[in-house]
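Asks: A single structure is presented below for examination.
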Amino acid sequence: MIADKIAAHGDIKKRGIPGVDDLDVPEYLEDMMTGSPGLRMRSTPSGIPRFAWWDDATGTMLIREGDNGTFMQPDGGYEYFLKQLKE
């Protein structure tokens, strides 16, 4: 599951999701990705498309790049998320 790789990359022991048990983070991320198509971001330098999701309930931003990605709760919150979409 791609969400497992993203959870591992985000290092859930250091950067979990508020209110979500660490063991449930991959399923939570998978639900974010299957719940909507995500918003298109700029591609990586090698041309891999990037998509982003935002979860208001937890303030979590999810970024997927092909079969990889990361997640975080940015200090700038939703405004940070919007700024990343514009880059």
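In the structure tokens, the first chain shown is A, the next is B, and so on; residue numbers restart at 1 for each chain, and ligands run from 1 in the order shown.
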Neighbours of Gly16 (chain A) within 12 Å (only C-alpha atoms; same-chain residues fewer than 2 positions away dropped), as a PyMOL selection string?
Replies: chain A and resi 6-14+18-26+28-29+58-61+70-73
Asks: Leaving out region 33-45 of chain A and any residue of its chain fewer than 4 positions from it, which residues lie within 8 Å of it when counting only C-alpha atoms, given as a compact mmCIF listing (two decimals) with C-alpha atoms, in the first residue's frame?
Replies:
```
# COMPACT_ATOMS: atom_id res chain seq x y z
CA LEU A 29 -3.66 8.47 4.80
CA PRO A 49 3.17 14.48 -10.87
CA ARG A 50 2.47 15.63 -7.31
CA PHE A 51 -0.91 15.80 -5.61
CA ALA A 52 -1.88 17.24 -2.23
CA TRP A 53 -4.68 16.74 0.26
CA GLU A 65 4.60 11.90 -5.65
CA GLN A 84 2.39 25.09 -1.76
CA LEU A 85 -0.34 24.63 -4.35
CA LYS A 86 0.63 27.91 -6.02
CA GLU A 87 4.35 27.08 -6.37
```
Asks: Please list as an NGL selection string every residue within 9 Å of Asp67 (chain A), counting only C-alpha atoms and excluding residues in the same chain fewer than 2 positions away.
Replies: :A and (2-3 or 5-6 or 64-65 or 69)
Asks: Can you tell me, as a VMD selection string, which residues in chain A count as alpha helix (DSSP H) by DSSP?
Replies: chain A and resid 2 to 9 25 to 35 77 to 86
